[in-house]
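Note: the block below is query-v3.tsv and it holds TSV, C-alpha atoms and all ligand atoms.
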chain	number	residue	atom	x	y	z
A	718	MET	CA	133.90	94.50	60.03
A	719	ARG	CA	132.38	91.01	59.67
A	720	ILE	CA	133.89	88.45	62.05
A	721	LYS	CA	132.60	84.89	62.25
A	722	MET	CA	134.37	82.51	64.60
A	723	LYS	CA	133.59	79.12	66.03
A	724	ILE	CA	135.27	78.82	69.42
A	725	THR	CA	135.27	75.52	71.27
A	726	MET	CA	135.11	76.23	74.99
A	727	LEU	CA	136.59	73.64	77.32
A	728	PRO	CA	135.81	74.93	80.85
A	729	GLY	CA	137.22	71.78	82.52
A	730	ASP	CA	137.54	71.53	86.28
A	731	GLY	CA	137.70	73.58	89.47
A	732	VAL	CA	137.84	77.31	88.74
A	733	GLY	CA	138.04	76.63	84.96
A	734	PRO	CA	134.29	77.13	84.32
A	735	GLU	CA	134.23	80.24	86.57
A	736	VAL	CA	137.00	82.06	84.69
A	737	CYS	CA	135.84	80.88	81.23
A	738	ARG	CA	132.43	82.46	81.88
A	739	GLU	CA	134.13	85.85	82.34
A	740	ALA	CA	136.27	85.48	79.20
A	741	VAL	CA	133.10	84.76	77.19
A	742	ARG	CA	131.31	87.72	78.80
A	743	VAL	CA	134.11	90.06	77.74
A	744	LEU	CA	134.38	88.68	74.19
A	745	LYS	CA	130.62	89.14	73.71
A	746	THR	CA	131.12	92.90	74.28
A	747	LEU	CA	132.39	93.06	70.69
A	748	ASN	CA	128.96	92.05	69.35
A	749	HIS	CA	127.68	95.55	70.16
A	750	TYR	CA	130.33	97.22	68.01
A	751	TYR	CA	130.95	94.93	65.04
A	752	ASP	CA	129.11	92.49	62.87
A	753	CYS	CA	130.49	89.71	65.07
A	754	ASP	CA	129.30	86.17	65.27
A	755	PHE	CA	131.32	84.40	67.97
A	756	GLN	CA	129.82	80.94	68.38
A	757	PHE	CA	130.80	79.27	71.66
A	758	ASP	CA	130.47	75.51	71.66
A	759	GLU	CA	131.07	74.01	75.12
A	760	LYS	CA	132.61	70.52	75.46
A	761	PRO	CA	133.85	68.46	78.43
A	762	ILE	CA	137.54	67.80	79.13
A	763	GLY	CA	139.57	66.58	82.12
A	764	GLY	CA	137.79	65.46	85.28
A	765	ALA	CA	134.42	66.71	84.00
A	766	ALA	CA	134.83	64.44	80.94
A	767	ILE	CA	135.94	61.46	83.04
A	768	ARG	CA	132.76	61.79	85.12
A	769	GLU	CA	130.52	61.93	82.03
A	770	HIS	CA	132.39	59.75	79.53
A	771	ASP	CA	135.10	57.89	81.42
A	772	ASN	CA	137.68	59.59	79.20
A	773	PRO	CA	139.59	62.87	79.86
A	774	LEU	CA	139.43	63.76	76.14
A	775	PRO	CA	136.30	62.24	74.55
A	776	ASP	CA	136.42	61.91	70.78
A	777	ALA	CA	133.50	64.35	70.37
A	778	THR	CA	135.53	67.00	72.25
A	779	LEU	CA	138.63	66.44	70.14
A	780	GLN	CA	136.69	66.50	66.84
A	781	ALA	CA	134.90	69.72	67.85
A	782	CYS	CA	138.26	71.32	68.68
A	783	LEU	CA	139.80	70.28	65.35
A	784	LYS	CA	136.83	71.77	63.46
A	785	SER	CA	136.88	75.12	65.26
A	786	ASP	CA	138.66	78.42	64.61
A	787	ALA	CA	140.07	78.56	68.12
A	788	VAL	CA	140.00	76.50	71.31
A	789	PHE	CA	139.67	78.11	74.74
A	790	LEU	CA	140.47	76.07	77.85
A	791	GLY	CA	139.78	76.85	81.53
A	792	ALA	CA	141.83	74.33	83.52
A	793	VAL	CA	141.90	70.60	84.23
A	794	GLY	CA	142.62	68.59	87.37
A	795	ALA	CA	140.63	67.44	90.38
A	796	PRO	CA	141.85	65.80	93.60
A	797	GLU	CA	139.34	62.92	93.28
A	798	PHE	CA	141.35	61.62	90.28
A	799	ASP	CA	144.82	62.04	91.81
A	800	HIS	CA	145.04	58.29	92.53
A	801	LEU	CA	144.68	57.34	88.81
A	802	SER	CA	147.68	56.49	86.64
A	803	SER	CA	149.06	59.42	84.63
A	804	GLN	CA	147.39	58.29	81.34
A	805	LEU	CA	143.92	58.26	82.93
A	806	ARG	CA	144.11	61.50	84.88
A	807	PRO	CA	142.41	64.75	83.75
A	808	GLU	CA	145.78	66.26	82.77
A	809	ALA	CA	146.29	63.47	80.19
A	810	GLY	CA	143.33	64.87	78.24
A	811	LEU	CA	145.01	68.26	77.95
A	812	LEU	CA	148.35	66.78	76.87
A	813	ARG	CA	146.59	64.74	74.18
A	814	LEU	CA	144.69	67.81	73.02
A	815	ARG	CA	147.85	69.93	72.76
A	816	THR	CA	149.55	67.22	70.68
A	817	ALA	CA	146.52	66.85	68.39
A	818	LEU	CA	146.24	70.60	67.81
A	819	GLY	CA	149.94	70.67	66.94
A	820	GLY	CA	150.85	74.17	68.16
A	821	PHE	CA	154.65	74.48	68.30
A	822	ALA	CA	154.97	77.98	69.77
A	823	ASN	CA	153.76	78.69	73.28
A	824	LEU	CA	153.40	82.39	74.07
A	825	ARG	CA	153.46	83.47	77.71
A	826	PRO	CA	153.42	87.21	78.39
A	827	ALA	CA	154.45	88.38	81.87
A	828	ILE	CA	153.48	92.00	82.37
A	829	SER	CA	154.02	94.05	85.48
A	830	TYR	CA	150.82	96.09	85.74
A	831	PRO	CA	151.89	99.21	87.67
A	832	ALA	CA	148.78	99.05	89.89
A	833	ILE	CA	149.65	95.59	91.23
A	834	ALA	CA	153.44	95.83	91.19
A	835	ASP	CA	153.22	95.63	95.00
A	836	CYS	CA	151.91	92.03	94.69
A	837	SER	CA	155.16	90.78	93.21
A	838	PRO	CA	157.59	89.05	95.56
A	839	LEU	CA	160.26	91.07	93.72
A	840	ARG	CA	161.05	94.65	94.68
A	841	GLU	CA	158.62	97.08	93.02
A	842	SER	CA	161.48	99.18	91.63
A	843	ARG	CA	162.79	96.12	89.76
A	844	VAL	CA	159.55	94.89	88.17
A	845	LYS	CA	157.91	98.21	87.30
A	846	GLY	CA	157.67	98.51	83.52
A	847	ALA	CA	158.61	94.86	82.88
A	848	ASP	CA	156.83	93.31	79.89
A	849	VAL	CA	158.37	89.99	78.83
A	850	LEU	CA	156.92	87.70	76.17
A	851	THR	CA	158.32	84.18	76.37
A	852	VAL	CA	158.13	82.24	73.10
A	853	ARG	CA	158.73	78.62	74.02
A	854	GLU	CA	159.24	75.79	71.52
A	855	LEU	CA	156.61	73.25	72.51
A	856	LEU	CA	156.86	70.07	70.45
A	857	GLY	CA	160.56	69.20	70.44
A	858	GLY	CA	163.57	68.88	72.72
A	859	MET	CA	163.92	66.66	75.74
A	860	TYR	CA	160.18	66.15	76.40
A	861	PHE	CA	159.64	64.38	73.07
A	862	SER	CA	163.00	63.09	71.76
A	863	GLU	CA	163.84	59.40	71.56
A	864	PRO	CA	165.52	57.30	72.83
A	865	ARG	CA	164.40	57.71	76.41
A	866	GLY	CA	163.77	55.36	79.28
A	867	PHE	CA	165.20	53.41	82.16
A	868	GLY	CA	168.20	51.11	81.93
A	869	PRO	CA	167.49	47.34	82.20
A	870	ASP	CA	168.23	47.29	85.92
A	871	LYS	CA	166.12	50.45	86.55
A	872	GLU	CA	169.14	51.90	88.31
A	873	SER	CA	169.84	54.32	85.51
A	874	ALA	CA	167.65	56.46	83.26
A	875	PHE	CA	168.22	58.58	80.17
A	876	ASN	CA	166.58	61.22	77.98
A	877	THR	CA	167.58	62.72	74.67
A	878	MET	CA	167.52	66.36	73.62
A	879	ARG	CA	167.17	66.61	69.83
A	880	TYR	CA	166.36	69.56	67.58
A	881	SER	CA	166.35	69.96	63.81
A	882	ILE	CA	166.98	73.18	61.90
A	883	PRO	CA	163.36	73.46	60.61
A	884	GLU	CA	162.00	73.05	64.16
A	885	ILE	CA	164.19	75.91	65.36
A	886	GLU	CA	163.55	78.10	62.31
A	887	ARG	CA	159.76	78.04	62.61
A	888	VAL	CA	159.65	79.03	66.28
A	889	ALA	CA	162.39	81.64	65.77
A	890	ARG	CA	160.31	83.24	63.00
A	891	VAL	CA	157.34	83.49	65.41
A	892	ALA	CA	159.57	85.26	67.97
A	893	PHE	CA	161.01	87.72	65.42
A	894	ASP	CA	157.59	88.46	63.92
A	895	LEU	CA	156.19	89.19	67.38
A	896	ALA	CA	159.21	91.31	68.32
A	897	ARG	CA	158.41	93.49	65.30
A	898	THR	CA	155.03	94.30	66.88
A	899	ARG	CA	156.69	95.17	70.21
A	900	ARG	CA	160.03	96.72	71.20
A	901	LYS	CA	161.99	94.89	68.45
A	902	LYS	CA	164.33	92.86	70.61
A	903	VAL	CA	164.79	89.06	70.83
A	904	THR	CA	166.87	87.38	73.51
A	905	SER	CA	167.57	83.79	72.49
A	906	VAL	CA	168.29	81.46	75.40
A	907	ASP	CA	170.55	78.42	75.14
A	908	LYS	CA	173.44	76.58	76.76
A	909	ALA	CA	175.73	76.70	73.73
A	910	ASN	CA	178.87	76.44	75.87
A	911	VAL	CA	177.88	72.85	76.77
A	912	LEU	CA	175.14	71.43	74.49
A	913	GLU	CA	175.33	70.67	70.76
A	914	THR	CA	171.55	71.21	70.41
A	915	SER	CA	172.15	74.71	71.78
A	916	GLN	CA	174.96	75.33	69.26
A	917	LEU	CA	172.56	74.36	66.45
A	918	TRP	CA	169.90	76.54	68.09
A	919	ARG	CA	172.21	79.59	68.22
A	920	ASN	CA	173.48	79.18	64.62
A	921	THR	CA	169.94	78.74	63.30
A	922	VAL	CA	168.57	81.72	65.22
A	923	ASN	CA	171.46	83.83	63.86
A	924	ALA	CA	170.56	82.74	60.32
A	925	VAL	CA	166.85	83.57	60.80
A	926	ALA	CA	167.84	86.96	62.26
A	927	GLN	CA	169.39	87.94	58.89
A	928	LYS	CA	165.83	88.34	57.56
A	929	TYR	CA	164.95	90.71	60.44
A	930	PRO	CA	167.61	93.46	60.36
A	931	ASP	CA	165.25	95.79	62.24
A	932	VAL	CA	165.10	93.43	65.27
A	933	LYS	CA	167.97	93.41	67.75
A	934	LEU	CA	169.11	89.91	68.71
A	935	ASP	CA	171.19	88.86	71.68
A	936	HIS	CA	171.99	85.43	73.10
A	937	MET	CA	172.04	84.46	76.76
A	938	TYR	CA	172.94	81.26	78.56
A	939	VAL	CA	169.96	79.82	80.40
A	940	ASP	CA	171.57	80.08	83.84
A	941	ALA	CA	172.38	83.77	83.33
A	942	CYS	CA	168.87	84.33	82.00
A	943	ALA	CA	167.34	82.81	85.14
A	944	MET	CA	169.23	85.39	87.17
A	945	HIS	CA	168.56	88.41	84.93
A	946	LEU	CA	164.80	87.67	84.84
A	947	ILE	CA	164.73	88.26	88.58
A	948	THR	CA	167.27	91.06	88.88
A	949	THR	CA	166.53	93.10	85.73
A	950	PRO	CA	163.33	91.87	84.06
A	951	THR	CA	162.94	95.20	82.23
A	952	ARG	CA	165.91	94.36	79.96
A	953	PHE	CA	163.82	91.71	78.13
A	954	ASP	CA	161.30	92.06	75.33
A	955	VAL	CA	160.85	88.68	73.57
A	956	LEU	CA	162.52	85.68	75.15
A	957	LEU	CA	163.00	82.79	72.69
A	958	THR	CA	163.68	79.38	74.23
A	959	GLU	CA	163.60	75.66	73.58
A	960	ASN	CA	161.06	73.48	75.37
A	961	LEU	CA	162.70	72.54	78.69
A	962	PHE	CA	164.36	75.91	79.35
A	963	GLY	CA	161.10	77.67	78.40
A	964	ASP	CA	159.07	75.56	80.80
A	965	ILE	CA	161.23	76.72	83.69
A	966	LEU	CA	161.83	80.33	82.63
A	967	SER	CA	158.18	81.09	81.80
A	968	ASP	CA	157.12	79.96	85.29
A	969	GLU	CA	159.91	82.03	86.79
A	970	SER	CA	158.78	85.08	84.84
A	971	ALA	CA	155.35	84.71	86.50
A	972	ALA	CA	156.96	86.21	89.62
A	973	ILE	CA	157.09	89.52	87.74
A	974	THR	CA	153.31	89.90	87.76
A	975	GLY	CA	152.71	88.84	91.33
A	976	SER	CA	149.76	86.49	90.80
A	977	LEU	CA	149.34	83.33	88.79
A	978	GLY	CA	145.71	84.38	88.28
A	979	THR	CA	146.60	87.24	85.92
A	980	LEU	CA	148.63	85.25	83.39
A	981	GLY	CA	147.28	84.24	79.99
A	982	SER	CA	148.82	82.07	77.27
A	983	ALA	CA	148.44	81.05	73.66
A	984	THR	CA	149.76	78.07	71.74
A	985	ILE	CA	149.99	78.82	68.05
A	986	GLY	CA	151.33	77.45	64.79
A	987	GLY	CA	149.34	74.19	64.64
A	988	LYS	CA	145.99	73.23	63.10
A	989	VAL	CA	144.01	75.30	65.62
A	990	ASN	CA	145.34	77.76	68.20
A	991	LEU	CA	144.76	77.04	71.88
A	992	TYR	CA	144.21	79.77	74.51
A	993	GLU	CA	144.30	79.12	78.24
A	994	PRO	CA	145.12	80.88	81.50
A	995	VAL	CA	148.40	79.68	82.97
A	996	HIS	CA	146.94	78.63	86.31
A	997	GLY	CA	145.50	75.22	87.14
A	998	SER	CA	142.07	74.24	88.45
A	999	ALA	CA	142.79	75.68	91.95
A	1000	PRO	CA	140.58	73.17	93.83
A	1001	ASP	CA	141.26	75.04	97.10
A	1002	ILE	CA	139.17	78.02	95.94
A	1003	ALA	CA	136.84	76.40	93.36
A	1004	GLY	CA	133.13	77.16	93.76
A	1005	LYS	CA	133.74	80.15	96.06
A	1006	GLY	CA	133.44	82.79	93.33
A	1007	ILE	CA	136.78	84.35	94.24
A	1008	ALA	CA	139.06	83.14	91.42
A	1009	ASN	CA	140.87	85.82	89.46
A	1010	PRO	CA	139.51	85.82	85.88
A	1011	LEU	CA	142.18	88.16	84.48
A	1012	GLY	CA	144.41	85.33	83.20
A	1013	ALA	CA	141.47	83.93	81.21
A	1014	ILE	CA	140.55	87.42	79.98
A	1015	ALA	CA	144.17	88.09	78.98
A	1016	SER	CA	144.04	84.80	77.02
A	1017	ALA	CA	140.88	86.08	75.30
A	1018	ALA	CA	142.87	89.18	74.25
A	1019	MET	CA	145.48	86.85	72.74
A	1020	LEU	CA	142.69	85.05	70.86
A	1021	LEU	CA	141.61	88.39	69.37
A	1022	ARG	CA	145.20	89.08	68.28
A	1023	HIS	CA	146.26	85.65	66.98
A	1024	SER	CA	143.03	84.01	65.76
A	1025	ALA	CA	140.46	86.75	65.12
A	1026	ASP	CA	142.87	89.19	63.43
A	1027	MET	CA	141.68	91.99	65.74
A	1028	PRO	CA	144.98	93.41	67.07
A	1029	GLN	CA	143.52	96.82	67.95
A	1030	GLU	CA	140.73	95.22	69.97
A	1031	ALA	CA	143.29	92.93	71.66
A	1032	ASP	CA	145.21	96.06	72.72
A	1033	ASP	CA	141.95	97.65	73.93
A	1034	LEU	CA	141.14	94.61	76.04
A	1035	GLU	CA	144.62	94.55	77.59
A	1036	GLU	CA	144.29	98.26	78.35
A	1037	ALA	CA	140.87	97.58	79.89
A	1038	ILE	CA	142.45	95.06	82.30
A	1039	ASN	CA	144.93	97.76	83.27
A	1040	ASP	CA	142.11	100.32	83.71
A	1041	VAL	CA	140.26	98.02	86.12
A	1042	LEU	CA	143.38	97.43	88.19
A	1043	GLU	CA	144.20	101.16	88.20
A	1044	ALA	CA	140.66	101.82	89.49
A	1045	GLY	CA	141.50	99.63	92.51
A	1046	HIS	CA	139.40	96.53	91.78
A	1047	ARG	CA	141.03	93.34	93.08
A	1048	THR	CA	140.19	89.69	93.49
A	1049	ALA	CA	141.35	88.22	96.80
A	1050	ASP	CA	144.65	86.87	95.41
A	1051	LEU	CA	145.69	90.44	94.56
A	1052	ILE	CA	144.92	91.76	98.02
A	1053	GLU	CA	146.40	89.09	100.28
A	1054	PRO	CA	150.08	89.66	99.37
A	1055	ILE	CA	150.04	93.38	100.24
A	1056	LYS	CA	150.13	95.24	103.55
A	1057	THR	CA	146.82	95.65	105.39
A	1058	ALA	CA	146.73	99.47	105.29
A	1059	LEU	CA	147.14	99.49	101.52
A	1060	ALA	CA	144.77	96.57	101.03
A	1061	ALA	CA	141.97	98.55	102.73
A	1062	LYS	CA	142.07	101.03	99.83
A	1063	ARG	CA	141.25	98.33	97.24
A	1064	HIS	CA	137.77	97.17	96.22
A	1065	LEU	CA	137.45	93.43	96.81
A	1066	ALA	CA	135.72	91.89	93.79
A	1067	SER	CA	134.31	88.44	93.14
A	1068	THR	CA	135.16	86.59	89.91
A	1069	SER	CA	132.02	87.82	88.16
A	1070	GLU	CA	132.33	91.39	89.50
A	1071	MET	CA	135.88	91.54	88.14
A	1072	GLY	CA	134.66	90.21	84.77
A	1073	LYS	CA	131.90	92.82	84.66
A	1074	GLN	CA	134.39	95.60	85.48
A	1075	VAL	CA	136.60	94.54	82.56
A	1076	GLU	CA	133.54	94.27	80.30
A	1077	ARG	CA	132.64	97.88	81.22
A	1078	ALA	CA	136.19	99.19	80.78
A	1079	PHE	CA	136.52	97.39	77.42
A	1080	ALA	CA	133.22	98.89	76.23
A	1081	ALA	CA	134.42	102.34	77.33
A	1082	ARG	CA	137.61	101.95	75.28
A	1083	LEU	CA	135.64	100.75	72.24
A	1084	ASP	CA	133.16	103.64	72.69
A	1085	GLY	CA	136.09	106.05	72.76
A	1086	ARG	CA	137.52	104.74	69.51
A	1087	PHE	CA	134.15	104.67	67.73
A	1088	ALA	CA	133.42	108.24	68.87
A	1089	TYR	CA	136.85	109.34	67.60
A	1090	HIS	CA	136.26	107.79	64.16
A	1091	ALA	CA	132.80	109.37	63.98
A	1092	VAL	CA	134.24	112.91	64.34
B	1	LIG	N1	146.71	73.98	82.42
B	1	LIG	C1	146.09	73.33	83.38
B	1	LIG	O1	144.93	72.97	83.25
B	1	LIG	C2	146.81	73.09	84.69
B	1	LIG	C3	147.96	73.82	85.03
B	1	LIG	C4	148.52	73.62	86.29
B	1	LIG	C5	147.94	72.71	87.18
B	1	LIG	N2	146.84	72.00	86.79
B	1	LIG	C6	146.14	71.10	87.71
B	1	LIG	O2	145.41	71.91	88.64
B	1	LIG	C7	145.31	71.23	89.91
B	1	LIG	C8	145.80	72.14	91.02
B	1	LIG	O3	147.20	72.38	90.80
B	1	LIG	P1	148.07	73.43	91.62
B	1	LIG	O4	147.41	73.68	92.93
B	1	LIG	O5	149.45	72.94	91.60
B	1	LIG	O6	148.07	74.76	90.73
B	1	LIG	P2	146.95	75.88	90.60
B	1	LIG	O7	147.42	76.83	89.56
B	1	LIG	O8	145.61	75.29	90.39
B	1	LIG	O9	146.94	76.64	92.03
B	1	LIG	C9	148.13	77.15	92.65
B	1	LIG	C10	147.72	78.25	93.66
B	1	LIG	O10	147.31	79.41	92.93
B	1	LIG	C11	145.97	79.76	93.27
B	1	LIG	N3	145.28	80.13	92.02
B	1	LIG	C12	145.32	79.47	90.83
B	1	LIG	N4	144.55	80.07	89.94
B	1	LIG	C13	144.01	81.15	90.55
B	1	LIG	C14	143.10	82.16	90.14
B	1	LIG	N5	142.60	82.22	88.89
B	1	LIG	N6	142.74	83.10	91.06
B	1	LIG	C15	143.23	83.09	92.30
B	1	LIG	N7	144.10	82.15	92.74
B	1	LIG	C16	144.47	81.19	91.88
B	1	LIG	C17	145.34	78.52	93.88
B	1	LIG	O11	144.29	78.84	94.76
B	1	LIG	C18	146.54	77.85	94.55
B	1	LIG	O12	146.72	78.41	95.81
B	1	LIG	C19	146.13	69.93	89.75
B	1	LIG	O13	145.24	68.90	89.46
B	1	LIG	C20	147.05	70.23	88.57
B	1	LIG	O14	147.45	69.07	87.89
B	1	LIG	C21	146.24	72.20	85.57

As structure tokens, the full file:
Amino acid sequence: MRIKMKITMLPGDGVGPEVCREAVRVLKTLNHYYDCDFQFDEKPIGGAAIREHDNPLPDATLQACLKSDAVFLGAVGAPEFDHLSSQLRPEAGLLRLRTALGGFANLRPAISYPAIADCSPLRESRVKGADVLTVRELLGGMYFSEPRGFGPDKESAFNTMRYSIPEIERVARVAFDLARTRRKKVTSVDKANVLETSQLWRNTVNAVAQKYPDVKLDHMYVDACAMHLITTPTRFDVLLTENLFGDILSDESAAITGSLGTLGSATIGGKVNLYEPVHGSAPDIAGKGIANPLGAIASAAMLLRHSADMPQEADDLEEAINDVLEAGHRTADLIEPIKTALAAKRHLASTSEMGKQVERAFAARLDGRFAYHAV
């Protein structure tokens, strides 16, 4: 298999560079097994770019991203820039990048790994086996619709929630296509008992569903969904939502896994796909070598699936993460939430040790498959 990919790496701030390093380490494992040429081109963004170029998204960074096959981001944000206005802060660079790349479907898996189910604030019996993929519409709805603003006296304010049929159709197709690769169920979230945009959403999703007779579709009001995600997360497979509801529900679903540090994400459908761990720059632990790299590594698995057309290797990498957790390796964030007696049985790993463990487990899985094919 010949794979050639140009990946623009944007390590960013805080723990971003630390976790990106581990994602690159793991992706490079593939070079030993395939005719792979992953070229990693590093560019500044966020606070790092403000320090060097006085701009959170320098033009050279944006142009490199637009010319690449995939973009991989660590995190942005640093306390020294908190006093700046919102357009000048590190986060503004990321928002501009997301808009320029044009991805309209944000994918956020929340998986309860059995080995760390005890880290979840939810009861273990409820989260065990949960594997929810939120597909959130990212470029429409209330965050982008006009008109918006403050009334003339600044004593009132207003926003608009607008959706068109094509905007709903394209993200619904992503959800149904992904459901076909999983447990073949889509739960579409709306508030159709109150909002016209939700009525359009529901009708359009029903129409798209006609083309996917093998996928089971149900609809759920957003308030009910917020409750069911906590009480019975195992009932969900793919959760399809508009922008605002998805923002809230995907963060809520993070409670299933137990640590922000394990969550990866992908934004697809635009000019170039963007992969990033869900967490921020975590300035409180930056530079200590203790950040959990699994969210970045899970994002690298998504890159293999959605940009490199390597679905089997993406599965292998996700299994490798599970293998490492099953073997008892834990970064500090996965040890602190559990009881002391249990914690003593885990192996505390630094960021790079955790990355190396996944690299080894991934190689073992690839070895196993190559040996099987050789027989
Ligand atoms: N996509 C992004 O780049 C992004 C997302 C969220 C926040 N931010 C920015 O990050 C900065 C810090 O924000 P915050 O503190 O609200 O959120 P955060 O995600 O950075 O941290 C929240 C908590 O989770 C912990 N944490 C985060 N990532 C971890 C990891 N990989 N391993 C172990 N623990 C981890 C942190 O130590 C902290 O206690 C702010 O400037 C914010 O704007 C950036």

All residues 8 Å or closer to stretch 966-973 of chain A, all atoms listed in the file, same chain fewer than 6 positions away omitted, as an mmCIF file with C-alpha atoms, in the coordinates of the input:
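File produced: part10.cif:
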data_model
loop_
_atom_site.group_PDB
_atom_site.id
_atom_site.type_symbol
_atom_site.label_atom_id
_atom_site.label_comp_id
_atom_site.auth_asym_id
_atom_site.auth_seq_id
_atom_site.Cartn_x
_atom_site.Cartn_y
_atom_site.Cartn_z
ATOM 1 C CA ARG A 825 153.460 83.470 77.710
ATOM 2 C CA ALA A 827 154.450 88.380 81.870
ATOM 3 C CA ILE A 828 153.480 92.000 82.370
ATOM 4 C CA SER A 829 154.020 94.050 85.480
ATOM 5 C CA SER A 837 155.160 90.780 93.210
ATOM 6 C CA PRO A 838 157.590 89.050 95.560
ATOM 7 C CA LEU A 839 160.260 91.070 93.720
ATOM 8 C CA VAL A 844 159.550 94.890 88.170
ATOM 9 C CA ALA A 847 158.610 94.860 82.880
ATOM 10 C CA VAL A 849 158.370 89.990 78.830
ATOM 11 C CA THR A 851 158.320 84.180 76.370
ATOM 12 C CA ALA A 943 167.340 82.810 85.140
ATOM 13 C CA LEU A 946 164.800 87.670 84.840
ATOM 14 C CA ILE A 947 164.730 88.260 88.580
ATOM 15 C CA PRO A 950 163.330 91.870 84.060
ATOM 16 C CA LEU A 980 148.630 85.250 83.390
#

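As for atom CA of A:Val888 and atom CA of A:Gly987, they are spaced 11.5 Å apart.
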
Worksheet item: Could you list, as a ChimeraX atom specification, all the residues within 10 Å of ligand LIG 1 (chain B), counting only C-alpha atoms and all ligand atoms?
Response: /A:728-733,735-736,762-764,790-799,806-812,976-980,982,993-1003,1006-1013,1048-1051,1068

Please produce a file of those selected residues containing C-alpha atoms, as a compact mmCIF listing (two decimals), keeping the file's coordinate frame.
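Here's the written file out33.txt:
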# COMPACT_ATOMS: atom_id res chain seq x y z
CA PRO A 728 135.81 74.93 80.85
CA GLY A 729 137.22 71.78 82.52
CA ASP A 730 137.54 71.53 86.28
CA GLY A 731 137.70 73.58 89.47
CA VAL A 732 137.84 77.31 88.74
CA GLY A 733 138.04 76.63 84.96
CA GLU A 735 134.23 80.24 86.57
CA VAL A 736 137.00 82.06 84.69
CA ILE A 762 137.54 67.80 79.13
CA GLY A 763 139.57 66.58 82.12
CA GLY A 764 137.79 65.46 85.28
CA LEU A 790 140.47 76.07 77.85
CA GLY A 791 139.78 76.85 81.53
CA ALA A 792 141.83 74.33 83.52
CA VAL A 793 141.90 70.60 84.23
CA GLY A 794 142.62 68.59 87.37
CA ALA A 795 140.63 67.44 90.38
CA PRO A 796 141.85 65.80 93.60
CA GLU A 797 139.34 62.92 93.28
CA PHE A 798 141.35 61.62 90.28
CA ASP A 799 144.82 62.04 91.81
CA ARG A 806 144.11 61.50 84.88
CA PRO A 807 142.41 64.75 83.75
CA GLU A 808 145.78 66.26 82.77
CA ALA A 809 146.29 63.47 80.19
CA GLY A 810 143.33 64.87 78.24
CA LEU A 811 145.01 68.26 77.95
CA LEU A 812 148.35 66.78 76.87
CA SER A 976 149.76 86.49 90.80
CA LEU A 977 149.34 83.33 88.79
CA GLY A 978 145.71 84.38 88.28
CA THR A 979 146.60 87.24 85.92
CA LEU A 980 148.63 85.25 83.39
CA SER A 982 148.82 82.07 77.27
CA GLU A 993 144.30 79.12 78.24
CA PRO A 994 145.12 80.88 81.50
CA VAL A 995 148.40 79.68 82.97
CA HIS A 996 146.94 78.63 86.31
CA GLY A 997 145.50 75.22 87.14
CA SER A 998 142.07 74.24 88.45
CA ALA A 999 142.79 75.68 91.95
CA PRO A 1000 140.58 73.17 93.83
CA ASP A 1001 141.26 75.04 97.10
CA ILE A 1002 139.17 78.02 95.94
CA ALA A 1003 136.84 76.40 93.36
CA GLY A 1006 133.44 82.79 93.33
CA ILE A 1007 136.78 84.35 94.24
CA ALA A 1008 139.06 83.14 91.42
CA ASN A 1009 140.87 85.82 89.46
CA PRO A 1010 139.51 85.82 85.88
CA LEU A 1011 142.18 88.16 84.48
CA GLY A 1012 144.41 85.33 83.20
CA ALA A 1013 141.47 83.93 81.21
CA THR A 1048 140.19 89.69 93.49
CA ALA A 1049 141.35 88.22 96.80
CA ASP A 1050 144.65 86.87 95.41
CA LEU A 1051 145.69 90.44 94.56
CA THR A 1068 135.16 86.59 89.91

Practice prompt. State, in Å with one decimal place, the distance from atom CA of A:Ala822 to atom CA of A:Arg853.
Written response: 5.7 Å

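A straight line drawn from atom CA of A:Lys784 to atom CA of A:Gly858 is 28.4 Å long.
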
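When all atoms listed in the file are used to measure the gap to A:Thr949, the shortest distance among A:Ser842, A:Ser1016, A:Thr898, A:Ser803 belongs to A:Ser842.
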
Item to complete: Quick one: everything within 7 Å of A:Glu759, counting all atoms listed in the file, minus sequence neighbours fewer than 6 positions away in the same chain. Send it as a ChimeraX atom specification.
Response: /A:725-727

Worksheet item: Can you find the residues with an atom no farther than 12 Å from (145.1, 85.3, 60.8), counting all atoms listed in the file, and report them as a PyMOL selection string?
Response: chain A and resi 720+722+786-787+985-986+989-990+1020-1028

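Nearest residue to A:Asp964, choosing from A:Glu913, A:Glu854, A:Asp1084, A:Asp776 and counting only C-alpha atoms: A:Glu854.
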
Discussion item. Which residues are near A:Phe755? Cut-off 9 Å, only C-alpha atoms, ignore same chain within fewer than 3 positions. Put them as a PyMOL selection string.
Written reply: chain A and resi 720-724+744-745+748

Output of the above residues as a PDB file, in the coordinates of the input, restricted to C-alpha atoms:
ATOM      1  CA  ILE A 720     133.890  88.450  62.050  1.00  0.00           C
ATOM      2  CA  LYS A 721     132.600  84.890  62.250  1.00  0.00           C
ATOM      3  CA  MET A 722     134.370  82.510  64.600  1.00  0.00           C
ATOM      4  CA  LYS A 723     133.590  79.120  66.030  1.00  0.00           C
ATOM      5  CA  ILE A 724     135.270  78.820  69.420  1.00  0.00           C
ATOM      6  CA  LEU A 744     134.380  88.680  74.190  1.00  0.00           C
ATOM      7  CA  LYS A 745     130.620  89.140  73.710  1.00  0.00           C
ATOM      8  CA  ASN A 748     128.960  92.050  69.350  1.00  0.00           C
TER       9      ASN A 748
END

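With only C-alpha atoms as the atoms that count, the minimum distance from A:Asp907 to the choices A:Gln756, A:Thr948, A:Gln804, A:Asn960 is reached by A:Asn960.
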
Practice prompt. Find, counting all atoms listed in the file, the residue in A:His800, A:His749, A:Arg919, A:Lys928 that gets nearest to A:Ala1081.
Written response: A:His749
